[in-house]
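What follows is one structure encoded as structure tokens, with my remarks underneath.
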Amino acid sequence: MSNATLDRAVKEIADEMMKRTDRGEVASYIPELARIDVNSFGLVVVDTNGHVAAAGDADTPFSIQSISKVFTLTLALGMIGDRLWERVGREPSGSPFNSIVQLERERGIPRNPFINAGAIAVTDAILSGHQPKETLGEILRFLQFLSGDSSITIDDAVAASEQRTGFRNAALANYMKSFGVLTNPVDFTLGVYFHHCAIAMSCRQLALAGRFLAHSGRNPSTGFLVVQPERARRINAIMMTCGHYDGSGEFAYRVGLPGKSGVGGGILAIAPGKASIAVWSPGLDANGNSELGRAALEILSKRLGWSIFGA
Ligand code: DON
């Protein structure tokens with residue numbers, strides 16, 4: 001596909017999305033996120049040749065929220081490898097992202113690393129033996145390194161807003177702690193979790209950071225192997241099955257790409273061997289996933305024949 005074809009697709013889809021009025025609802029359970037303009041929209045595709053197609057609010061940083069869980073999972077697997085799976089499963093939950101119901105029956109082991117409980121367990125694994133500040137610095141530097149952009153920062157107002165109101169996450173963390181699944185002080189683990197969710201990135205930075213997942217684990221611009229091909233494939237598999245919580249089946253059905261959403265309205269989607277894609281539209285559907293983000297990806301994947309399930 002030529003650069004012009006990709007540029008045109010990205011621009012036309014963004015133009016269409018910017019006109020839509022059915023935009024979903026901005027997340028309000030984290031008070032700071034309720035202030036975001038629901039009319040924002042950004043779309044960036046970075047293909048295997050390094051071409052970047054961008055449209056709309058492509059360079060406006062937004063709260064990546066749960067999309068950060070892809071990168072904490074990558075870091076945790078790098079640190080402790082398959083031992084991570086003793087603390088967290090890899091099955092879709094079929095439940096909302098902040099649900100607690102399965103934890104009692106499953107003895108404090110969260111279903112997967114992308115629901116809040118699972119991501120908190122992953123954060124706890126990365127934290128082990130370190131100070132929260134060091135661990136946060138490591139997560140931030142990893143994202144800066146992957147996107148080649150050292151300007152990425154944490155939005156402290158968003159982190160503080162969630163820290164003040166994150167009672168459900170505190171309940172999940174304490175519940176897991178009671179089963180011995182968390183090893184660090186709950187406050188430390190939650191502090192790191194809230195702050196990595198509050199990292200702010202633009203669609204451009206996010207699409208660049210996701211390149212290694214589209215390129216069998218390799219950062220194509222540096223040639224640096226971030227993870228082994230097998231690990232990239234497996235992270236993509238978990239994004240496909242669990243990346244949109246109880247909306248994962250619908251996302252696979254409509255878009256057909258591994259994807260991870262965040263309540264800031266972003267989605268990182270991977271077309272393996274083809275491209276890394278970031279989209280941002282802050283209005284959410286009932287499952288807490290970006291309404292127009294999914295719609296845009298559905299059109300893009302269909303138009304370019306990128307669904308992993310066939311054209
Ligand atoms: O823990 C939370 O609730 C948020 N920091 C992240 C949740 C989230 O992004 C769910 N995704 N759609």
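Chains: A, B, ... in order of the structure tokens. Residues: from 1 per chain. Ligands: from 1, in order shown.
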(message) List the spatial neighbours of Pro220 of chain A as a list in words - criterion: any atom at most 10 Å away, only C-alpha atoms, same-chain residues fewer than 5 positions off excluded.
(response)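 Counting only the stated atoms, we get Asp47, Thr48, Asn49, Gly50, Leu208, Arg211, Phe212, Ala214, His215 and Leu225 of chain A.
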(request) Enumerate as a PyMOL selection string all residues of segment 10-111 of chain A assigned to strand (DSSP E) by DSSP on the backbone, naming them with the chain letters and numbers the document uses. (result) chain A and resi 25-26+42-47+52-56+62-63
(message) I'd like to know which of A:Ala275, A:Leu172, A:Val226, A:Ile270 is closest to ligand 1, using only C-alpha atoms and all ligand atoms.
(response)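 So, comparing all the options, the nearest one is A:Leu172.
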(request) Would you mind listing what lies within 12 Å of Ile36 of chain A as a ChimeraX atom specification, with only C-alpha atoms counted and same-chain residues fewer than 3 positions away left out? (result) /A:25-28,30-33,39-41,60-63,158,263-265,280-283
(request) Work out how far apart atom CA of Gly262 of chain A and atom CA of Gln65 of chain A are and give it in Å to one decimal. (result) 4.9 Å
(request) Fewer than 3 positions away in the same chain doesn't count, so skip those; otherwise give me all residues within 8 Å of Ser147 of chain A, counting only C-alpha atoms, as JSON, numbers by chain. (result) {"A": [143, 144, 205, 206, 207, 208, 209, 210]}
Go ahead and write the residues just picked, N, CA, C and O atoms, as a PDB file, in the first residue's frame.
```pdb
ATOM      1  N   LEU A 143       8.347   3.761  28.160  1.00  0.00           N
ATOM      2  CA  LEU A 143       7.472   4.377  27.152  1.00  0.00           C
ATOM      3  C   LEU A 143       8.212   5.432  26.337  1.00  0.00           C
ATOM      4  O   LEU A 143       8.018   5.542  25.123  1.00  0.00           O
ATOM      5  N   GLN A 144       9.050   6.205  27.004  1.00  0.00           N
ATOM      6  CA  GLN A 144       9.834   7.226  26.294  1.00  0.00           C
ATOM      7  C   GLN A 144      10.775   6.568  25.295  1.00  0.00           C
ATOM      8  O   GLN A 144      10.928   7.016  24.157  1.00  0.00           O
ATOM      9  N   GLN A 205       2.605   9.458  19.843  1.00  0.00           N
ATOM     10  CA  GLN A 205       3.536   8.804  20.774  1.00  0.00           C
ATOM     11  C   GLN A 205       3.114   7.363  21.051  1.00  0.00           C
ATOM     12  O   GLN A 205       3.945   6.452  21.136  1.00  0.00           O
ATOM     13  N   LEU A 206       1.811   7.156  21.188  1.00  0.00           N
ATOM     14  CA  LEU A 206       1.308   5.824  21.509  1.00  0.00           C
ATOM     15  C   LEU A 206       1.495   4.854  20.338  1.00  0.00           C
ATOM     16  O   LEU A 206       1.912   3.701  20.537  1.00  0.00           O
ATOM     17  N   ALA A 207       1.188   5.310  19.136  1.00  0.00           N
ATOM     18  CA  ALA A 207       1.364   4.433  17.963  1.00  0.00           C
ATOM     19  C   ALA A 207       2.839   4.067  17.809  1.00  0.00           C
ATOM     20  O   ALA A 207       3.183   2.918  17.497  1.00  0.00           O
ATOM     21  N   LEU A 208       3.724   5.029  18.064  1.00  0.00           N
ATOM     22  CA  LEU A 208       5.159   4.735  17.976  1.00  0.00           C
ATOM     23  C   LEU A 208       5.562   3.725  19.058  1.00  0.00           C
ATOM     24  O   LEU A 208       6.315   2.785  18.796  1.00  0.00           O
ATOM     25  N   ALA A 209       5.018   3.894  20.260  1.00  0.00           N
ATOM     26  CA  ALA A 209       5.361   2.978  21.361  1.00  0.00           C
ATOM     27  C   ALA A 209       4.891   1.557  21.086  1.00  0.00           C
ATOM     28  O   ALA A 209       5.490   0.591  21.558  1.00  0.00           O
ATOM     29  N   GLY A 210       3.825   1.404  20.295  1.00  0.00           N
ATOM     30  CA  GLY A 210       3.276   0.069  20.027  1.00  0.00           C
ATOM     31  C   GLY A 210       3.960  -0.667  18.885  1.00  0.00           C
ATOM     32  O   GLY A 210       3.645  -1.833  18.620  1.00  0.00           O
TER      33      GLY A 210
END
```
(request) Check the smallest atom-to-atom distance from each of A:Glu291, A:Asp7, A:Asp187, A:Glu298 to Thr21 of chain A using only C-alpha atoms, then report the winner. (result)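 Comparing A:Glu291, A:Asp7, A:Asp187, A:Glu298 against Thr21 of chain A, the winner is A:Glu291.
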(request) Skip segment 100-113 of chain A itself and residues of its chain fewer than 4 positions away, then list as JSON, numbers by chain all residues within 10 Å of it, counting only C-alpha atoms. (result) {"A": [69, 70, 72, 73, 84, 85, 86, 87, 88, 89, 90, 91, 92, 93, 94, 95, 96, 117, 118, 119, 120, 121, 122, 123, 168, 169, 171, 172, 173, 174, 175, 176, 177, 178, 179, 180, 181, 182, 238, 239, 241, 242, 243, 245]}
Go ahead and save the residues from that selection, with C-alpha atoms, as a short mmCIF file (atom, residue, chain, number, x, y, z; two decimals), in the first residue's frame.
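Resulting contents of out-v2.cif:
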```
data_model
loop_
_atom_site.label_atom_id
_atom_site.label_comp_id
_atom_site.auth_asym_id
_atom_site.auth_seq_id
_atom_site.Cartn_x
_atom_site.Cartn_y
_atom_site.Cartn_z
CA LYS A 69 -1.32 -2.10 31.16
CA VAL A 70 0.11 -3.39 27.86
CA THR A 72 3.46 -2.91 32.42
CA LEU A 73 2.64 -6.45 31.29
CA LEU A 84 3.90 -13.94 36.34
CA TRP A 85 1.19 -16.45 35.40
CA GLU A 86 1.23 -17.83 38.95
CA ARG A 87 -0.35 -14.54 40.07
CA VAL A 88 -2.62 -13.65 37.19
CA GLY A 89 -4.55 -15.65 34.57
CA ARG A 90 -4.94 -15.06 30.88
CA GLU A 91 -8.59 -15.77 30.21
CA PRO A 92 -11.21 -13.20 29.28
CA SER A 93 -13.29 -12.22 32.29
CA GLY A 94 -16.62 -11.39 30.66
CA SER A 95 -16.97 -8.85 33.48
CA PRO A 96 -16.48 -5.10 33.77
CA ALA A 117 -7.28 -6.46 39.57
CA GLY A 118 -4.90 -8.15 37.12
CA ALA A 119 -3.09 -4.93 36.28
CA ILE A 120 -2.66 -4.16 39.98
CA ALA A 121 -1.13 -7.64 40.46
CA VAL A 122 1.21 -6.95 37.49
CA THR A 123 2.21 -3.59 38.97
CA ARG A 168 -12.84 0.12 44.18
CA ASN A 169 -9.23 -0.36 43.21
CA ALA A 171 -10.89 -2.85 47.58
CA LEU A 172 -9.48 -5.07 44.81
CA ALA A 173 -5.93 -4.57 46.03
CA ASN A 174 -6.76 -5.26 49.67
CA TYR A 175 -8.73 -8.33 48.69
CA MET A 176 -5.81 -9.73 46.68
CA LYS A 177 -3.45 -8.86 49.52
CA SER A 178 -5.57 -11.01 51.85
CA PHE A 179 -4.82 -13.98 49.58
CA GLY A 180 -1.12 -13.18 49.48
CA VAL A 181 -1.24 -12.32 45.77
CA LEU A 182 0.26 -8.86 46.39
CA ILE A 238 -4.08 -11.28 25.32
CA MET A 239 -4.95 -7.88 23.84
CA THR A 241 -9.06 -11.73 24.04
CA CYS A 242 -9.03 -9.38 27.05
CA GLY A 243 -8.10 -5.87 25.85
CA TYR A 245 -12.98 -6.35 28.96
#
```
Counting only C-alpha atoms and all ligand atoms, which protein, DNA or RNA residues come within 7 Å of ligand 1, given as a PDB file with all heavy atoms, in the first residue's frame?
```pdb
ATOM      1  N   GLN A  65      -4.481   5.799  30.663  1.00  0.00           N
ATOM      2  CA  GLN A  65      -5.211   4.894  31.558  1.00  0.00           C
ATOM      3  C   GLN A  65      -4.847   3.428  31.315  1.00  0.00           C
ATOM      4  O   GLN A  65      -3.690   3.077  31.363  1.00  0.00           O
ATOM      5  CB  GLN A  65      -6.713   5.182  31.468  1.00  0.00           C
ATOM      6  CG  GLN A  65      -7.068   6.554  32.062  1.00  0.00           C
ATOM      7  CD  GLN A  65      -6.761   6.613  33.549  1.00  0.00           C
ATOM      8  OE1 GLN A  65      -6.907   5.653  34.287  1.00  0.00           O
ATOM      9  NE2 GLN A  65      -6.290   7.772  34.027  1.00  0.00           N
ATOM     10  N   SER A  66      -5.846   2.596  31.003  1.00  0.00           N
ATOM     11  CA  SER A  66      -5.572   1.151  30.945  1.00  0.00           C
ATOM     12  C   SER A  66      -4.669   0.720  29.797  1.00  0.00           C
ATOM     13  O   SER A  66      -4.212  -0.423  29.780  1.00  0.00           O
ATOM     14  CB  SER A  66      -6.886   0.375  30.853  1.00  0.00           C
ATOM     15  OG  SER A  66      -7.559   0.430  32.075  1.00  0.00           O
ATOM     16  N   ILE A  67      -4.418   1.619  28.835  1.00  0.00           N
ATOM     17  CA  ILE A  67      -3.496   1.228  27.761  1.00  0.00           C
ATOM     18  C   ILE A  67      -2.098   1.006  28.358  1.00  0.00           C
ATOM     19  O   ILE A  67      -1.317   0.196  27.859  1.00  0.00           O
ATOM     20  CB  ILE A  67      -3.463   2.291  26.637  1.00  0.00           C
ATOM     21  CG1 ILE A  67      -4.882   2.532  26.118  1.00  0.00           C
ATOM     22  CG2 ILE A  67      -2.543   1.870  25.498  1.00  0.00           C
ATOM     23  CD1 ILE A  67      -4.996   3.709  25.156  1.00  0.00           C
ATOM     24  N   PHE A  97     -14.350  -3.927  33.860  1.00  0.00           N
ATOM     25  CA  PHE A  97     -12.922  -3.818  34.180  1.00  0.00           C
ATOM     26  C   PHE A  97     -12.631  -3.713  35.672  1.00  0.00           C
ATOM     27  O   PHE A  97     -11.565  -4.088  36.129  1.00  0.00           O
ATOM     28  CB  PHE A  97     -12.284  -2.640  33.425  1.00  0.00           C
ATOM     29  CG  PHE A  97     -12.850  -1.279  33.751  1.00  0.00           C
ATOM     30  CD1 PHE A  97     -12.359  -0.543  34.817  1.00  0.00           C
ATOM     31  CD2 PHE A  97     -13.862  -0.733  32.972  1.00  0.00           C
ATOM     32  CE1 PHE A  97     -12.857   0.712  35.108  1.00  0.00           C
ATOM     33  CE2 PHE A  97     -14.381   0.529  33.259  1.00  0.00           C
ATOM     34  CZ  PHE A  97     -13.883   1.250  34.333  1.00  0.00           C
ATOM     35  N   ASN A  98     -13.618  -3.220  36.440  1.00  0.00           N
ATOM     36  CA  ASN A  98     -13.352  -3.021  37.874  1.00  0.00           C
ATOM     37  C   ASN A  98     -14.123  -4.013  38.736  1.00  0.00           C
ATOM     38  O   ASN A  98     -14.323  -3.793  39.925  1.00  0.00           O
ATOM     39  CB  ASN A  98     -13.683  -1.584  38.272  1.00  0.00           C
ATOM     40  CG  ASN A  98     -15.111  -1.214  37.916  1.00  0.00           C
ATOM     41  OD1 ASN A  98     -15.879  -2.061  37.467  1.00  0.00           O
ATOM     42  ND2 ASN A  98     -15.458   0.031  38.131  1.00  0.00           N
ATOM     43  N   ASN A 116      -8.710  -4.422  36.066  1.00  0.00           N
ATOM     44  CA  ASN A 116      -7.975  -3.649  37.075  1.00  0.00           C
ATOM     45  C   ASN A 116      -7.241  -4.543  38.069  1.00  0.00           C
ATOM     46  O   ASN A 116      -6.072  -4.300  38.388  1.00  0.00           O
ATOM     47  CB  ASN A 116      -8.919  -2.710  37.818  1.00  0.00           C
ATOM     48  CG  ASN A 116      -9.330  -1.524  36.967  1.00  0.00           C
ATOM     49  OD1 ASN A 116      -8.986  -1.459  35.791  1.00  0.00           O
ATOM     50  ND2 ASN A 116     -10.062  -0.592  37.548  1.00  0.00           N
ATOM     51  N   GLU A 162      -7.499  10.232  40.866  1.00  0.00           N
ATOM     52  CA  GLU A 162      -7.863   8.819  41.029  1.00  0.00           C
ATOM     53  C   GLU A 162      -7.487   8.295  42.418  1.00  0.00           C
ATOM     54  O   GLU A 162      -8.196   7.486  43.004  1.00  0.00           O
ATOM     55  CB  GLU A 162      -7.233   7.953  39.936  1.00  0.00           C
ATOM     56  CG  GLU A 162      -7.848   6.561  39.973  1.00  0.00           C
ATOM     57  CD  GLU A 162      -7.501   5.663  38.807  1.00  0.00           C
ATOM     58  OE1 GLU A 162      -6.641   6.030  37.989  1.00  0.00           O
ATOM     59  OE2 GLU A 162      -8.094   4.577  38.750  1.00  0.00           O
ATOM     60  N   ASN A 169     -10.559   0.212  43.404  1.00  0.00           N
ATOM     61  CA  ASN A 169      -9.228  -0.360  43.206  1.00  0.00           C
ATOM     62  C   ASN A 169      -8.576  -0.692  44.545  1.00  0.00           C
ATOM     63  O   ASN A 169      -7.880  -1.696  44.665  1.00  0.00           O
ATOM     64  CB  ASN A 169      -8.360   0.603  42.395  1.00  0.00           C
ATOM     65  CG  ASN A 169      -8.724   0.589  40.922  1.00  0.00           C
ATOM     66  OD1 ASN A 169      -9.096  -0.450  40.378  1.00  0.00           O
ATOM     67  ND2 ASN A 169      -8.644   1.745  40.278  1.00  0.00           N
ATOM     68  N   PHE A 194      -1.934   3.898  39.995  1.00  0.00           N
ATOM     69  CA  PHE A 194      -2.657   5.130  39.637  1.00  0.00           C
ATOM     70  C   PHE A 194      -1.778   6.050  38.784  1.00  0.00           C
ATOM     71  O   PHE A 194      -2.256   6.682  37.851  1.00  0.00           O
ATOM     72  CB  PHE A 194      -3.102   5.896  40.893  1.00  0.00           C
ATOM     73  CG  PHE A 194      -4.193   5.206  41.683  1.00  0.00           C
ATOM     74  CD1 PHE A 194      -4.194   5.212  43.076  1.00  0.00           C
ATOM     75  CD2 PHE A 194      -5.227   4.558  41.025  1.00  0.00           C
ATOM     76  CE1 PHE A 194      -5.206   4.583  43.796  1.00  0.00           C
ATOM     77  CE2 PHE A 194      -6.248   3.929  41.740  1.00  0.00           C
ATOM     78  CZ  PHE A 194      -6.226   3.938  43.122  1.00  0.00           C
ATOM     79  N   CYS A 197      -1.343   4.719  35.174  1.00  0.00           N
ATOM     80  CA  CYS A 197      -2.575   4.964  34.414  1.00  0.00           C
ATOM     81  C   CYS A 197      -2.672   6.435  34.005  1.00  0.00           C
ATOM     82  O   CYS A 197      -3.320   6.769  33.012  1.00  0.00           O
ATOM     83  CB  CYS A 197      -3.804   4.584  35.231  1.00  0.00           C
ATOM     84  SG  CYS A 197      -4.046   2.801  35.399  1.00  0.00           S
ATOM     85  N   HIS A 244     -10.482  -5.400  25.745  1.00  0.00           N
ATOM     86  CA  HIS A 244     -11.660  -4.525  25.865  1.00  0.00           C
ATOM     87  C   HIS A 244     -12.653  -5.061  26.899  1.00  0.00           C
ATOM     88  O   HIS A 244     -13.855  -4.823  26.802  1.00  0.00           O
ATOM     89  CB  HIS A 244     -12.330  -4.341  24.501  1.00  0.00           C
ATOM     90  CG  HIS A 244     -11.598  -3.380  23.619  1.00  0.00           C
ATOM     91  ND1 HIS A 244     -10.385  -3.672  23.033  1.00  0.00           N
ATOM     92  CD2 HIS A 244     -11.884  -2.111  23.259  1.00  0.00           C
ATOM     93  CE1 HIS A 244      -9.976  -2.622  22.340  1.00  0.00           C
ATOM     94  NE2 HIS A 244     -10.861  -1.664  22.463  1.00  0.00           N
ATOM     95  N   SER A 261      -7.902  -0.744  25.257  1.00  0.00           N
ATOM     96  CA  SER A 261      -8.592   0.528  25.469  1.00  0.00           C
ATOM     97  C   SER A 261      -8.207   1.136  26.814  1.00  0.00           C
ATOM     98  O   SER A 261      -7.643   0.464  27.671  1.00  0.00           O
ATOM     99  CB  SER A 261     -10.099   0.268  25.475  1.00  0.00           C
ATOM    100  OG  SER A 261     -10.408  -0.587  26.572  1.00  0.00           O
ATOM    101  N   GLY A 262      -8.551   2.407  26.973  1.00  0.00           N
ATOM    102  CA  GLY A 262      -8.397   3.075  28.266  1.00  0.00           C
ATOM    103  C   GLY A 262      -9.567   4.017  28.475  1.00  0.00           C
ATOM    104  O   GLY A 262     -10.147   4.499  27.490  1.00  0.00           O
ATOM    105  N   VAL A 263      -9.925   4.293  29.731  1.00  0.00           N
ATOM    106  CA  VAL A 263     -11.085   5.170  29.977  1.00  0.00           C
ATOM    107  C   VAL A 263     -10.808   6.633  29.631  1.00  0.00           C
ATOM    108  O   VAL A 263     -11.718   7.453  29.679  1.00  0.00           O
ATOM    109  CB  VAL A 263     -11.641   5.096  31.418  1.00  0.00           C
ATOM    110  CG1 VAL A 263     -12.408   3.818  31.661  1.00  0.00           C
ATOM    111  CG2 VAL A 263     -10.577   5.328  32.445  1.00  0.00           C
ATOM    112  N   GLY A 264      -9.579   6.947  29.271  1.00  0.00           N
ATOM    113  CA  GLY A 264      -9.294   8.280  28.731  1.00  0.00           C
ATOM    114  C   GLY A 264      -9.816   8.400  27.298  1.00  0.00           C
ATOM    115  O   GLY A 264      -9.767   9.478  26.705  1.00  0.00           O
ATOM    116  N   GLY A 288     -17.026   1.063  28.882  1.00  0.00           N
ATOM    117  CA  GLY A 288     -15.869   1.904  29.226  1.00  0.00           C
ATOM    118  C   GLY A 288     -14.825   1.952  28.126  1.00  0.00           C
ATOM    119  O   GLY A 288     -13.662   2.291  28.370  1.00  0.00           O
ATOM    120  N   ASN A 289     -15.230   1.609  26.895  1.00  0.00           N
ATOM    121  CA  ASN A 289     -14.302   1.648  25.759  1.00  0.00           C
ATOM    122  C   ASN A 289     -14.724   2.783  24.823  1.00  0.00           C
ATOM    123  O   ASN A 289     -15.915   3.083  24.706  1.00  0.00           O
ATOM    124  CB  ASN A 289     -14.361   0.315  25.003  1.00  0.00           C
ATOM    125  CG  ASN A 289     -13.992  -0.872  25.889  1.00  0.00           C
ATOM    126  OD1 ASN A 289     -13.033  -0.800  26.670  1.00  0.00           O
ATOM    127  ND2 ASN A 289     -14.750  -1.953  25.801  1.00  0.00           N
TER     128      ASN A 289
END
```
(request) Determine which residues of segment 195-293 of chain A DSSP labels as alpha helix (DSSP H) from the backbone of this structure, then write them out as a ChimeraX atom specification. (result) /A:195-197,203-209,211-214,229-242,248-254,291-293
For the selection you just gave me, I'd like the residues written to a file as a short mmCIF file (atom, residue, chain, number, x, y, z; two decimals), in the first residue's frame, keeping N, CA and C atoms.
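Contents of the output file selection.cif:
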```cif
data_model
loop_
_atom_site.label_atom_id
_atom_site.label_comp_id
_atom_site.auth_asym_id
_atom_site.auth_seq_id
_atom_site.Cartn_x
_atom_site.Cartn_y
_atom_site.Cartn_z
N HIS A 195 -0.50 6.11 39.12
CA HIS A 195 0.38 7.01 38.37
C HIS A 195 0.68 6.48 36.96
N HIS A 196 0.82 5.15 36.81
CA HIS A 196 1.10 4.72 35.42
C HIS A 196 -0.15 4.84 34.55
N CYS A 197 -1.34 4.72 35.17
CA CYS A 197 -2.58 4.96 34.41
C CYS A 197 -2.67 6.43 34.00
N CYS A 203 -1.67 10.39 20.39
CA CYS A 203 -1.83 9.24 19.48
C CYS A 203 -0.51 8.92 18.78
N ARG A 204 0.22 9.97 18.40
CA ARG A 204 1.49 9.74 17.70
C ARG A 204 2.47 8.99 18.61
N GLN A 205 2.60 9.46 19.84
CA GLN A 205 3.54 8.80 20.77
C GLN A 205 3.11 7.36 21.05
N LEU A 206 1.81 7.16 21.19
CA LEU A 206 1.31 5.82 21.51
C LEU A 206 1.50 4.85 20.34
N ALA A 207 1.19 5.31 19.14
CA ALA A 207 1.36 4.43 17.96
C ALA A 207 2.84 4.07 17.81
N LEU A 208 3.72 5.03 18.06
CA LEU A 208 5.16 4.73 17.98
C LEU A 208 5.56 3.72 19.06
N ALA A 209 5.02 3.89 20.26
CA ALA A 209 5.36 2.98 21.36
C ALA A 209 4.89 1.56 21.09
N ARG A 211 4.92 -0.01 18.23
CA ARG A 211 5.52 -0.62 17.02
C ARG A 211 6.08 -2.01 17.26
N PHE A 212 6.68 -2.21 18.43
CA PHE A 212 7.33 -3.52 18.64
C PHE A 212 6.33 -4.67 18.59
N LEU A 213 5.07 -4.38 18.91
CA LEU A 213 4.06 -5.45 18.88
C LEU A 213 3.62 -5.77 17.45
N ALA A 214 3.79 -4.81 16.55
CA ALA A 214 3.44 -5.04 15.15
C ALA A 214 4.62 -5.63 14.37
N PRO A 229 10.00 -12.55 19.55
CA PRO A 229 8.80 -12.62 18.72
C PRO A 229 7.66 -13.39 19.39
N GLU A 230 8.00 -14.47 20.05
CA GLU A 230 6.96 -15.28 20.71
C GLU A 230 6.21 -14.47 21.77
N ARG A 231 6.95 -13.63 22.49
CA ARG A 231 6.31 -12.83 23.54
C ARG A 231 5.41 -11.75 22.93
N ALA A 232 5.86 -11.13 21.85
CA ALA A 232 5.02 -10.12 21.19
C ALA A 232 3.72 -10.78 20.72
N ARG A 233 3.86 -11.97 20.15
CA ARG A 233 2.67 -12.68 19.67
C ARG A 233 1.70 -12.95 20.81
N ARG A 234 2.24 -13.33 21.96
CA ARG A 234 1.37 -13.67 23.09
C ARG A 234 0.72 -12.44 23.71
N ILE A 235 1.45 -11.33 23.75
CA ILE A 235 0.85 -10.09 24.26
C ILE A 235 -0.30 -9.67 23.33
N ASN A 236 -0.06 -9.80 22.03
CA ASN A 236 -1.15 -9.50 21.07
C ASN A 236 -2.36 -10.40 21.32
N ALA A 237 -2.10 -11.67 21.63
CA ALA A 237 -3.21 -12.60 21.87
C ALA A 237 -4.04 -12.16 23.07
N ILE A 238 -3.35 -11.70 24.11
CA ILE A 238 -4.08 -11.28 25.32
C ILE A 238 -4.83 -9.97 25.04
N MET A 239 -4.23 -9.10 24.22
CA MET A 239 -4.95 -7.88 23.84
C MET A 239 -6.22 -8.24 23.07
N MET A 240 -6.11 -9.23 22.21
CA MET A 240 -7.28 -9.62 21.42
C MET A 240 -8.39 -10.19 22.31
N THR A 241 -8.02 -11.04 23.27
CA THR A 241 -9.06 -11.73 24.04
C THR A 241 -9.54 -10.94 25.25
N CYS A 242 -8.70 -10.05 25.78
CA CYS A 242 -9.03 -9.38 27.05
C CYS A 242 -8.93 -7.87 27.00
N SER A 248 -14.66 -7.29 24.61
CA SER A 248 -13.58 -7.87 23.78
C SER A 248 -14.12 -8.68 22.61
N GLY A 249 -15.21 -9.42 22.84
CA GLY A 249 -15.80 -10.22 21.76
C GLY A 249 -16.29 -9.32 20.64
N GLU A 250 -16.98 -8.26 21.03
CA GLU A 250 -17.52 -7.32 20.04
C GLU A 250 -16.39 -6.63 19.26
N PHE A 251 -15.31 -6.28 19.98
CA PHE A 251 -14.17 -5.61 19.32
C PHE A 251 -13.54 -6.57 18.30
N ALA A 252 -13.37 -7.83 18.69
CA ALA A 252 -12.81 -8.83 17.76
C ALA A 252 -13.74 -8.99 16.55
N TYR A 253 -15.02 -9.03 16.81
CA TYR A 253 -16.02 -9.23 15.76
C TYR A 253 -16.02 -8.06 14.78
N ARG A 254 -15.93 -6.85 15.31
CA ARG A 254 -16.04 -5.67 14.44
C ARG A 254 -14.70 -5.23 13.84
N GLU A 291 -16.13 4.88 22.14
CA GLU A 291 -17.19 4.62 21.16
C GLU A 291 -16.68 4.86 19.72
N LEU A 292 -16.19 6.06 19.48
CA LEU A 292 -15.75 6.38 18.11
C LEU A 292 -14.38 5.79 17.80
N GLY A 293 -13.60 5.53 18.83
CA GLY A 293 -12.31 4.87 18.61
C GLY A 293 -12.55 3.52 17.96
#
```
(request) Please provide the set of residues having any atom within 8 Å of Ala271 of chain A, restricted to only C-alpha atoms, with same-chain residues fewer than 3 positions apart removed, written as a list in words. (result)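 Using only C-alpha atoms, the neighbours found are Ala214, Leu257, Pro258, Lys274, Ala275, Ser276, Ile277, Trp306, Ser307 and Ile308 of chain A.
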(request) For atom CA of Thr165 of chain A and atom CA of Asn287 of chain A, determine how far apart the two atoms are, in Å to one decimal place. (result)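 Atom-to-atom, atom CA of Thr165 of chain A to atom CA of Asn287 of chain A, that is 19.6 Å.
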(message) Just checking: using only C-alpha atoms, which residue out of A:Phe71, A:Ile139, A:Leu300, A:Leu6 ends up closest to Phe114 of chain A?
(response)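 Ranked by minimum distance to Phe114 of chain A, first place goes to A:Phe71.
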